[in-house]
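Data first, discussion second: the structure below is written as structure tokens.
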Amino acid sequence: MKKFIYLFAILLFSCSTTSVEYRTATTSLRNDKDYNKAEEFAKKALEVAPNDALPAYFLAMEVYGTKSSPKKDYQQAAYYFSKALEIDALDGENQKLEASVIVPTTDDSVKELKTIKDAIEYYSYNLWVEAFNEANAFFGENKIDEAIELYRVSSLFL
């Protein structure tokens, strides 16, 4: 019986599509709102599972690309979007999101995002708009250097 339990446990963990580090990162952020721990474990997940694009996507979207994040950093979000696409292209197949997402489109319909590539194509525009609008605000406040830098960073999403 013990052998069966061990074999079952091994089989269960070997079938997991993501690493323990990635699961720790998502749990830390989504349940505990611990952005530092989420960032740390997502980066560890990239080291442990270099062929999994989900940790890079998670860093871009939920750690660096969310307005409410204390770690909001558009440059890092753009970098990890790029990293996720790079990892996703390694095996020639589009990696699936953990769960598909239904989003509105410009023609008042909806679209289902199923893959990391689809999601990055969709959300890149949103992050570009946010960064560009923040740059406009800096410009309006006569913070020209900050505005120029944020305009430059916003172009990374195009």
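By order of appearance in the structure tokens: chains A, B, ..., then residues from 1 within every chain, and ligands from 1 in the order shown.
By only C-alpha atoms, and with residues fewer than 4 positions from Asp118 (chain A) along its chain excluded, the set lying at most 12 Å from it is A:Tyr57, A:Phe81, A:Ala84, A:Leu85, A:Asp88, A:Asn94, A:Gln95, A:Lys96, A:Leu97, A:Ser100, A:Val101, A:Ile102, A:Val103, A:Lys111, A:Glu112, A:Leu113, A:Lys114, A:Tyr122, A:Tyr123, A:Ser124, A:Tyr125.
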Taking the backbone alone, and naming residues the way the document does, which bits of chain A are helix (DSSP H, G or I) by DSSP, as number ranges by chain?
A: 2-14, 20-30, 35-48, 54-64, 74-88, 116-140, 144-157
Using the selection just defined, write its residues with C-alpha atoms as an mmCIF file, in the first residue's frame.
data_model
loop_
_atom_site.group_PDB
_atom_site.id
_atom_site.type_symbol
_atom_site.label_atom_id
_atom_site.label_comp_id
_atom_site.auth_asym_id
_atom_site.auth_seq_id
_atom_site.Cartn_x
_atom_site.Cartn_y
_atom_site.Cartn_z
ATOM 1 C CA LYS A 2 2.845 2.406 0.837
ATOM 2 C CA LYS A 3 4.379 1.734 -2.567
ATOM 3 C CA PHE A 4 1.105 2.617 -4.226
ATOM 4 C CA ILE A 5 0.872 5.886 -2.292
ATOM 5 C CA TYR A 6 4.465 6.813 -3.175
ATOM 6 C CA LEU A 7 3.932 5.981 -6.830
ATOM 7 C CA PHE A 8 0.707 7.963 -6.880
ATOM 8 C CA ALA A 9 2.418 10.962 -5.259
ATOM 9 C CA ILE A 10 5.281 10.819 -7.754
ATOM 10 C CA LEU A 11 2.856 10.551 -10.632
ATOM 11 C CA LEU A 12 0.778 13.429 -9.306
ATOM 12 C CA PHE A 13 3.757 15.767 -8.918
ATOM 13 C CA SER A 14 5.359 14.753 -12.199
ATOM 14 C CA VAL A 20 6.045 24.502 -6.670
ATOM 15 C CA GLU A 21 7.825 27.851 -6.769
ATOM 16 C CA TYR A 22 5.272 29.224 -9.224
ATOM 17 C CA ARG A 23 2.375 27.975 -7.103
ATOM 18 C CA THR A 24 3.983 29.583 -4.038
ATOM 19 C CA ALA A 25 4.299 32.865 -5.946
ATOM 20 C CA THR A 26 0.662 32.901 -7.017
ATOM 21 C CA THR A 27 -0.586 31.903 -3.571
ATOM 22 C CA SER A 28 1.590 34.537 -1.894
ATOM 23 C CA LEU A 29 0.121 37.252 -4.058
ATOM 24 C CA ARG A 30 -3.469 36.184 -4.530
ATOM 25 C CA TYR A 35 4.225 41.068 -3.450
ATOM 26 C CA ASN A 36 7.812 40.568 -2.284
ATOM 27 C CA LYS A 37 7.383 36.842 -1.736
ATOM 28 C CA ALA A 38 5.438 36.516 -4.995
ATOM 29 C CA GLU A 39 8.233 38.238 -6.906
ATOM 30 C CA GLU A 40 10.917 36.135 -5.223
ATOM 31 C CA PHE A 41 9.237 32.804 -5.907
ATOM 32 C CA ALA A 42 8.193 33.668 -9.460
ATOM 33 C CA LYS A 43 11.836 34.445 -10.260
ATOM 34 C CA LYS A 44 12.871 31.164 -8.624
ATOM 35 C CA ALA A 45 10.247 29.393 -10.748
ATOM 36 C CA LEU A 46 11.907 30.794 -13.876
ATOM 37 C CA GLU A 47 15.189 29.226 -12.756
ATOM 38 C CA VAL A 48 13.655 25.879 -11.784
ATOM 39 C CA LEU A 54 3.688 31.288 -16.759
ATOM 40 C CA PRO A 55 6.073 32.721 -14.116
ATOM 41 C CA ALA A 56 7.280 35.436 -16.507
ATOM 42 C CA TYR A 57 3.700 36.221 -17.518
ATOM 43 C CA PHE A 58 2.688 36.327 -13.828
ATOM 44 C CA LEU A 59 5.520 38.758 -13.030
ATOM 45 C CA ALA A 60 4.532 41.021 -15.923
ATOM 46 C CA MET A 61 0.805 41.019 -15.258
ATOM 47 C CA GLU A 62 0.341 40.664 -11.534
ATOM 48 C CA VAL A 63 3.539 41.884 -9.898
ATOM 49 C CA TYR A 64 4.780 44.705 -12.180
ATOM 50 C CA TYR A 74 6.249 49.197 -16.591
ATOM 51 C CA GLN A 75 9.797 48.517 -17.733
ATOM 52 C CA GLN A 76 9.878 45.251 -15.774
ATOM 53 C CA ALA A 77 6.402 44.343 -17.054
ATOM 54 C CA ALA A 78 7.568 44.832 -20.651
ATOM 55 C CA TYR A 79 10.712 42.805 -19.961
ATOM 56 C CA TYR A 80 8.764 39.872 -18.515
ATOM 57 C CA PHE A 81 6.197 39.991 -21.326
ATOM 58 C CA SER A 82 9.118 39.668 -23.722
ATOM 59 C CA LYS A 83 10.625 36.884 -21.614
ATOM 60 C CA ALA A 84 7.303 35.006 -21.527
ATOM 61 C CA LEU A 85 7.021 35.189 -25.323
ATOM 62 C CA GLU A 86 10.632 34.032 -25.674
ATOM 63 C CA ILE A 87 10.037 31.029 -23.409
ATOM 64 C CA ASP A 88 6.691 30.307 -25.065
ATOM 65 C CA ILE A 116 -0.015 33.369 -23.053
ATOM 66 C CA LYS A 117 0.616 34.814 -26.504
ATOM 67 C CA ASP A 118 -3.041 35.856 -26.897
ATOM 68 C CA ALA A 119 -3.060 37.424 -23.435
ATOM 69 C CA ILE A 120 0.157 39.360 -23.996
ATOM 70 C CA GLU A 121 -1.109 40.666 -27.332
ATOM 71 C CA TYR A 122 -4.291 41.842 -25.616
ATOM 72 C CA TYR A 123 -2.847 43.254 -22.382
ATOM 73 C CA SER A 124 0.196 44.921 -23.973
ATOM 74 C CA TYR A 125 -2.108 47.547 -25.423
ATOM 75 C CA ASN A 126 -3.670 48.190 -21.994
ATOM 76 C CA LEU A 127 -0.269 48.606 -20.354
ATOM 77 C CA TRP A 128 0.884 50.858 -23.198
ATOM 78 C CA VAL A 129 -2.162 53.100 -22.626
ATOM 79 C CA GLU A 130 -1.554 53.235 -18.861
ATOM 80 C CA ALA A 131 2.145 54.055 -19.237
ATOM 81 C CA PHE A 132 1.479 56.599 -21.987
ATOM 82 C CA ASN A 133 -1.212 58.336 -19.924
ATOM 83 C CA GLU A 134 1.086 58.479 -16.900
ATOM 84 C CA ALA A 135 3.753 60.016 -19.136
ATOM 85 C CA ASN A 136 1.199 62.613 -20.276
ATOM 86 C CA ALA A 137 0.457 63.403 -16.628
ATOM 87 C CA PHE A 138 4.173 63.911 -15.919
ATOM 88 C CA PHE A 139 4.383 66.159 -18.969
ATOM 89 C CA GLY A 140 1.425 68.190 -17.704
ATOM 90 C CA ILE A 144 9.800 66.409 -18.580
ATOM 91 C CA ASP A 145 12.552 63.875 -17.814
ATOM 92 C CA GLU A 146 10.092 61.498 -16.145
ATOM 93 C CA ALA A 147 7.650 61.943 -19.035
ATOM 94 C CA ILE A 148 10.300 61.187 -21.660
ATOM 95 C CA GLU A 149 11.404 58.069 -19.803
ATOM 96 C CA LEU A 150 7.848 56.803 -19.447
ATOM 97 C CA TYR A 151 7.114 57.519 -23.124
ATOM 98 C CA ARG A 152 10.193 55.435 -23.954
ATOM 99 C CA VAL A 153 9.070 52.616 -21.669
ATOM 100 C CA SER A 154 5.518 52.715 -23.037
ATOM 101 C CA SER A 155 6.910 52.087 -26.522
ATOM 102 C CA LEU A 156 8.217 48.711 -25.302
ATOM 103 C CA PHE A 157 4.625 47.447 -25.263
#
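Nearest to Asp34 (chain A) of all the residues A:Gly92, A:Pro50, A:Pro70, A:Gly65 is A:Pro70, based on only C-alpha atoms.
For the pair CA of Ala49 (chain A) and CA of Glu93 (chain A), the interatomic distance is 16.5 Å.
For region 88-138 of chain A, backbone-based DSSP assignment of strand (DSSP E) covers Lys96, Leu97, Glu98, Ala99, Ser100, Val101, Ile102, Val103, Pro104, Val110, Lys111, Glu112, Leu113, Lys114 and Thr115 of chain A.
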With distances taken over only C-alpha atoms, the candidate from A:Thr105, A:Thr115, A:Ser69, A:Thr18 nearest Ala89 (chain A) is A:Thr115
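From CA of Ser19 (chain A) back to CA of Asp52 (chain A), the distance works out to 8.6 Å.
Computed from the coordinates, the CA of Lys33 (chain A) to CA of Lys67 (chain A) distance equals 14.0 Å.
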